[in-house]
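K.L.:
What follows is my_file-v7.cif, mmCIF, C-alpha atoms.
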data_data
#
loop_
_atom_site.label_atom_id
_atom_site.label_comp_id
_atom_site.auth_asym_id
_atom_site.auth_seq_id
_atom_site.Cartn_x
_atom_site.Cartn_y
_atom_site.Cartn_z
CA MET A 196 120.55 155.03 143.04
CA SER A 197 122.73 155.54 146.11
CA GLU A 198 122.13 157.79 149.12
CA ASP A 199 124.95 160.09 147.94
CA HIS A 200 123.34 160.31 144.55
CA LEU A 201 120.04 161.30 146.18
CA GLY A 202 121.75 164.01 148.20
CA ASP A 203 123.36 165.47 145.07
CA ASP A 204 120.14 165.51 143.12
CA PRO A 205 118.11 168.67 143.81
CA VAL A 206 114.90 167.12 142.46
CA LEU A 207 115.08 164.06 144.73
CA ALA A 208 116.52 166.03 147.65
CA GLY A 209 113.46 168.30 147.39
CA MET A 210 111.21 165.25 147.62
CA MET A 211 112.79 164.23 150.90
CA THR A 212 111.67 167.52 152.45
CA LEU A 213 107.96 166.99 151.74
CA ARG A 214 105.73 167.46 154.77
CA PRO A 215 104.48 164.37 156.60
CA HIS A 216 100.75 163.71 156.60
CA ASP A 217 98.58 161.85 159.06
CA VAL A 218 94.93 161.21 159.78
CA SER A 219 93.19 163.17 162.54
CA ALA A 220 93.82 162.02 166.12
CA ARG A 221 90.17 161.00 166.45
CA ARG A 222 90.26 158.84 163.35
CA ALA A 223 93.60 157.34 164.40
CA ASP A 224 92.19 156.39 167.82
CA ARG A 225 89.04 154.96 166.28
CA LEU A 226 91.09 152.77 163.94
CA ARG A 227 93.34 151.68 166.80
CA SER A 228 90.30 150.64 168.89
CA ARG A 229 88.81 148.77 165.96
CA CYS A 230 92.08 146.89 165.42
CA HIS A 231 92.33 146.09 169.14
CA GLY A 232 88.81 144.67 168.95
CA GLU A 233 89.81 142.50 165.98
CA LEU A 234 92.94 141.36 167.82
CA GLU A 235 90.85 140.38 170.84
CA GLN A 236 88.54 138.35 168.57
CA CYS A 237 91.56 136.67 166.96
CA ARG A 238 92.95 135.78 170.37
CA ARG A 239 89.58 134.40 171.53
CA ARG A 240 89.15 132.40 168.33
CA SER A 241 92.62 130.97 168.71
CA VAL A 242 91.97 129.93 172.33
CA GLU A 243 88.69 128.27 171.28
CA THR A 244 90.43 126.50 168.40
CA ARG A 245 93.20 125.35 170.71
CA PHE A 246 90.64 124.06 173.22
CA ALA A 247 88.73 122.23 170.48
CA ASP A 248 92.00 120.75 169.16
CA ARG A 249 93.00 119.61 172.63
CA SER A 250 89.56 118.05 173.26
CA LEU A 251 89.78 116.25 169.95
CA ARG A 252 93.24 114.92 170.71
CA ARG A 253 92.55 113.93 174.32
CA VAL A 254 88.98 112.62 174.20
CA VAL A 255 87.48 112.03 170.79
CA VAL A 256 90.40 110.29 169.07
CA PRO A 257 91.12 107.85 171.96
CA ALA A 258 87.39 107.11 172.28
CA ILE A 259 87.08 106.20 168.60
CA ALA A 260 90.26 104.12 168.72
CA SER A 261 89.04 102.28 171.86
CA ALA A 262 85.64 101.58 170.31
CA TRP A 263 87.28 100.21 167.17
CA CYS A 264 89.58 97.98 169.27
CA ALA A 265 86.62 96.71 171.31
CA VAL A 266 84.64 95.82 168.15
CA TYR A 267 87.70 94.10 166.69
CA LEU A 268 88.27 92.09 169.89
CA CYS A 269 84.61 91.05 170.06
CA GLU A 270 84.73 89.90 166.44
CA ILE A 271 87.85 87.81 167.14
CA LEU A 272 86.25 86.21 170.20
CA LEU A 273 83.05 85.44 168.29
CA ARG A 274 84.97 83.83 165.43
CA ALA A 275 87.12 81.84 167.84
CA ALA A 276 83.96 80.63 169.63
CA ALA A 277 82.42 79.61 166.29
CA ILE A 278 85.54 77.63 165.33
CA TYR A 279 85.61 75.71 168.62
CA GLY A 280 81.86 75.10 168.54
CA PHE A 281 80.71 77.24 171.48
CA MET B 206 110.61 154.60 165.59
CA THR B 207 111.44 155.03 161.90
CA GLU B 208 113.89 152.17 161.45
CA MET B 209 113.90 149.02 163.48
CA ASP B 210 116.86 146.75 163.80
CA ARG B 211 116.32 143.18 162.65
CA GLU B 212 116.17 141.66 166.12
CA ASP B 213 113.55 144.12 167.32
CA GLU B 214 111.58 143.52 164.18
CA ARG B 215 111.71 139.73 164.60
CA SER B 216 110.47 139.97 168.15
CA LEU B 217 107.74 142.40 167.07
CA VAL B 218 106.63 139.96 164.36
CA ALA B 219 106.55 137.14 166.92
CA ARG B 220 104.37 139.26 169.20
CA LEU B 221 102.09 140.25 166.31
CA ARG B 222 101.61 136.57 165.55
CA ALA B 223 100.49 136.13 169.14
CA ALA B 224 97.94 138.96 168.61
CA ASP B 225 99.70 141.19 171.15
CA ALA B 226 97.96 144.59 171.29
CA ALA B 227 101.11 146.38 172.56
CA ALA B 228 103.09 145.10 169.57
CA PHE B 229 100.33 146.29 167.28
CA ASP B 230 100.49 149.73 168.92
CA ASP B 231 104.26 149.94 168.34
CA VAL B 232 103.86 149.16 164.65
CA TYR B 233 100.82 151.40 164.33
CA ASP B 234 102.59 154.39 165.88
CA ALA B 235 105.70 153.83 163.75
CA TYR B 236 104.03 153.37 160.40
CA ARG B 237 100.53 154.91 160.43
CA ALA B 238 101.57 158.37 159.20
CA ARG B 239 104.06 156.97 156.68
CA VAL B 240 101.54 154.59 155.14
CA PHE B 241 98.91 157.32 155.11
CA ALA B 242 101.22 159.83 153.41
CA PHE B 243 102.07 157.20 150.79
CA LEU B 244 98.40 156.40 150.17
CA LEU B 245 97.42 160.08 150.12
CA ARG B 246 99.99 160.90 147.46
CA MET B 247 99.04 157.81 145.45
CA CYS B 248 95.24 158.27 145.64
CA ARG B 249 95.24 162.08 145.64
CA SER B 250 92.01 161.90 147.64
CA ARG B 251 91.95 162.12 151.42
CA PRO B 252 88.72 160.12 152.00
CA LEU B 253 89.94 157.31 149.76
CA ALA B 254 93.39 157.28 151.40
CA GLU B 255 91.70 157.06 154.82
CA ASP B 256 89.58 154.10 153.71
CA LEU B 257 92.58 152.26 152.28
CA LEU B 258 94.57 153.02 155.44
CA ASN B 259 91.83 151.38 157.55
CA GLU B 260 91.87 148.33 155.32
CA THR B 261 95.67 148.09 155.43
CA TRP B 262 95.72 147.93 159.25
CA LEU B 263 92.80 145.53 159.40
CA ARG B 264 94.70 143.23 157.03
CA LEU B 265 97.68 143.32 159.39
CA VAL B 266 95.45 142.33 162.29
CA ARG B 267 93.63 139.58 160.37
CA HIS B 268 96.74 138.13 158.73
CA GLY B 269 99.11 138.74 161.64
CA ARG B 270 99.09 135.05 162.62
CA ARG B 271 100.38 134.08 159.21
CA LEU B 272 103.37 136.45 159.15
CA ARG B 273 106.65 134.66 158.55
CA ASP B 274 109.48 135.03 161.08
CA ASP B 275 111.58 137.06 158.66
CA THR B 276 108.80 139.43 157.57
CA ARG B 277 109.92 143.05 157.17
CA ILE B 278 107.00 144.99 158.61
CA GLY B 279 107.50 148.24 156.67
CA PRO B 280 107.72 146.67 153.21
CA TRP B 281 104.83 144.31 154.15
CA LEU B 282 102.58 147.27 155.04
CA PHE B 283 103.54 149.22 151.92
CA THR B 284 102.90 146.13 149.78
CA VAL B 285 99.40 145.77 151.23
CA ALA B 286 98.69 149.51 150.86
CA ARG B 287 99.98 149.51 147.29
CA ASN B 288 97.96 146.42 146.32
CA LEU B 289 94.82 147.95 147.81
CA TYR B 290 95.44 151.14 145.84
CA TRP B 291 95.91 149.26 142.54
CA SER B 292 92.95 147.03 143.24
CA HIS B 293 90.78 150.09 143.86
CA ARG B 294 92.14 151.76 140.74
CA ARG B 295 91.36 148.73 138.56
CA THR B 296 87.82 148.58 139.95
CA SER B 297 87.30 152.29 139.27
CA LEU B 298 88.56 151.91 135.70
CA VAL B 299 86.16 149.00 135.10
CA GLU B 300 83.27 150.99 136.57
CA GLU B 301 84.15 154.00 134.43
CA ALA B 302 84.27 151.80 131.34
CA CYS B 303 80.99 150.02 132.16
CA ALA B 304 78.76 152.90 133.13
CA PRO B 305 80.25 156.27 132.14
CA GLU B 306 76.79 157.87 132.18
CA LEU B 307 76.45 157.12 135.92
CA LEU B 308 79.69 158.86 136.89
CA GLY B 309 78.11 162.30 136.80
CA LEU B 310 75.61 161.16 139.42
CA TRP B 311 78.31 160.06 141.84
CA PRO B 312 79.54 162.70 144.33
CA ALA B 313 83.14 163.61 143.48
CA THR B 314 85.72 163.48 146.25
CA PRO B 315 87.78 166.65 146.79
CA PRO B 316 91.13 166.43 144.96
CA TRP B 317 94.48 166.32 146.75
CA PRO B 318 96.62 168.39 147.16
CA SER B 319 93.78 170.79 147.94
CA PRO B 320 94.21 174.58 147.59
CA PHE B 321 94.56 174.66 151.39
CA ASP B 322 97.40 172.10 151.34
CA LEU B 323 99.16 174.02 148.59
CA THR B 324 98.86 177.33 150.43
CA ALA B 325 100.29 175.81 153.60
CA ALA B 326 103.27 174.36 151.73
CA GLY B 327 106.45 176.22 150.80
CA GLU B 328 107.14 177.16 147.18
CA LEU B 329 109.44 174.21 146.39
CA GLU B 330 107.23 171.77 148.26
CA ARG B 331 104.15 173.06 146.44
CA ARG B 332 105.82 172.60 143.07
CA ILE B 333 106.99 169.10 143.95
CA GLU B 334 103.56 168.02 145.24
CA VAL B 335 101.89 169.27 142.05
CA ALA B 336 104.57 167.67 139.84
CA LEU B 337 104.30 164.38 141.76
CA SER B 338 100.53 164.34 141.42
CA MET B 339 100.94 164.60 137.63
CA LEU B 340 103.25 161.60 137.32
CA GLN B 341 102.10 158.17 136.22
CA PRO B 342 101.16 156.18 139.35
CA GLN B 343 103.93 153.65 138.57
CA HIS B 344 106.49 156.45 138.65
CA ARG B 345 104.92 158.15 141.64
CA GLU B 346 104.97 154.99 143.75
CA VAL B 347 108.65 154.19 143.20
CA LEU B 348 109.69 157.74 144.06
CA LEU B 349 107.53 157.74 147.19
CA LEU B 350 108.76 154.34 148.35
CA VAL B 351 112.46 154.91 147.76
CA ILE B 352 112.92 158.64 148.31
CA ASN B 353 110.23 159.46 150.86
CA GLU B 354 109.88 156.22 152.76
CA GLY B 355 113.52 155.24 152.62
CA LEU B 356 112.98 151.70 151.32
CA THR B 357 115.99 150.27 149.51
CA PRO B 358 115.46 149.81 145.76
CA GLY B 359 115.51 146.05 146.44
CA GLU B 360 112.71 146.33 149.01
CA ALA B 361 110.74 148.66 146.73
CA ALA B 362 111.12 146.12 143.90
CA VAL B 363 109.57 143.45 146.14
CA VAL B 364 106.76 145.82 147.14
CA CYS B 365 106.02 146.60 143.47
CA GLY B 366 106.46 142.99 142.36
CA ILE B 367 109.18 143.74 139.80
CA SER B 368 112.84 142.80 139.42
CA ALA B 369 115.65 144.91 140.89
CA GLU B 370 116.78 145.86 137.39
CA ALA B 371 113.28 146.93 136.37
CA MET B 372 113.09 148.99 139.57
CA ARG B 373 116.40 150.71 138.77
CA GLN B 374 115.12 151.65 135.32
CA ARG B 375 111.73 152.75 136.62
CA LEU B 376 113.37 154.92 139.28
CA SER B 377 115.53 156.57 136.68
CA ARG B 378 112.55 157.24 134.40
CA ALA B 379 110.48 158.50 137.33
CA ARG B 380 113.21 160.90 138.37
CA ALA B 381 113.47 162.22 134.79
CA ALA B 382 109.69 162.63 134.56
CA LEU B 383 109.60 164.52 137.86
CA ALA B 384 112.43 166.81 136.78
CA GLU B 385 110.66 167.49 133.49
CA ARG B 386 107.41 168.38 135.23
CA LEU B 387 109.16 170.64 137.72
CA ASN B 388 110.34 172.75 134.81
CA LEU B 389 106.89 173.00 133.24
CA PRO B 390 104.24 175.61 134.10
CA GLU B 391 102.00 173.96 136.70
CA GLY B 392 98.50 172.62 136.22
CA ARG B 393 98.49 172.38 132.43
CA PRO B 394 95.42 170.24 131.61
CA ALA B 395 97.41 168.14 129.10
CA ASP B 396 99.73 167.02 131.89
CA ARG B 397 96.94 165.47 133.91
CA ARG B 398 96.44 162.60 131.47
CA TYR B 399 98.06 160.15 133.90
CA GLY B 400 95.63 161.01 136.68
CA THR B 401 94.20 158.53 139.19
#
How does the structure come out when it is put into structure tokens?
P.N.:
Amino acid sequence: MSEDHLGDDPVLAGMMTLRPHDVSARRADRLRSRCHGELEQCRRRSVETRFADRSLRRVVVPAIASAWCAVYLCEILLRAAAIYGF
Amino acid sequence: MTEMDREDERSLVARLRAADAAAFDDVYDAYRARVFAFLLRMCRSRPLAEDLLNETWLRLVRHGRRLRDDTRIGPWLFTVARNLYWSHRRTSLVEEACAPELLGLWPATPPWPSPFDLTAAGELERRIEVALSMLQPQHREVLLLVINEGLTPGEAAVVCGISAEAMRQRLSRARAALAERLNLPEGRPADRRYGT
């Protein structure tokens, strides 16, 4: 159904002239404020998540890896000591 | 702002993903009345259309981070609004089927278009609004999306979740149904069988 076809059709052309409708200005502003509030929460959540992600990457993961390496090294030293009779 | 070019829309989507309030305001100002008019004509009840409008915008805010780069904002909003309408309609039908005796106890919402709306409208507009309100919702939605909201039939097909060919056929049937109702005397009770 092309634009030309719509223009030629009195039924559909009539539909294009229907009046616009909107909610009251008060309701529109209330909804806008509510959405802004939600956006602010989303932003805050995302900052907190980013911070938690960064902490995990920079502190927790290296700490676990270091602890595992230390345990592994100790175990190797202990076994080596046992083999050589210390 | 009724139509956005693709570049503007891409940058708007990027800003929405960053939860930018100014980007939200741009979209809200451009589409609020259009989405509301669509919902009002689908629901035929102002309070219900207002509730679904709230939910549509809250969905945009909550799911904004997950928008894809190539998201078309208009069709996305109409898809959400349409899905909310159908979801509400299905729930109402289930409730009506489960507890018909309770329906009389529930306060009825004023119908739309109201006598006030009809008086304010011109003769042709009045006849079209009444005829539209009598159409099956499936027919009403395709006419509203393509003719009133200016979506391409392809975009409207995506919004309605049907193929382009099915959309073409549905549009044609909807147009015929509207023309038929415009020639009928208005408000015949038998014609309201497709009501919301």
K.L.:
When the cut-off is 9 Å and we count all atoms listed in the file, which residues of chain A are near chain B, given as a list in words?
P.N.:
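Those within range of chain B come out as Met196, Leu201, Val206, Leu207, Ala208, Gly209, Met210, Met211, Thr212, Leu213, Arg214, Pro215, His216, Asp217, Val218, Arg222, Ala223, Leu226, Arg227, Arg229, Cys230, His231, Glu233, Leu234, Glu235, Cys237 and Arg238 of chain A.
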K.L.:
Rounded to one decimal, what separation in Å do you get between atom CA of Asp213 of chain B and atom CA of Trp281 of chain B?
P.N.:
15.8 Å
K.L.:
Calculate how many Å separate atom CA of Arg345 of chain B from atom CA of Met247 of chain B, rounding to one decimal.
P.N.:
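About the pair atom CA of Arg345 of chain B and atom CA of Met247 of chain B: they are 7.0 Å apart.
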K.L.:
What separation in Å, quoted to one decimal, exists between atom CA of Leu217 of chain B and atom CA of Pro280 of chain B?
P.N.:
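That distance, rounded to one decimal, is 14.5 Å.
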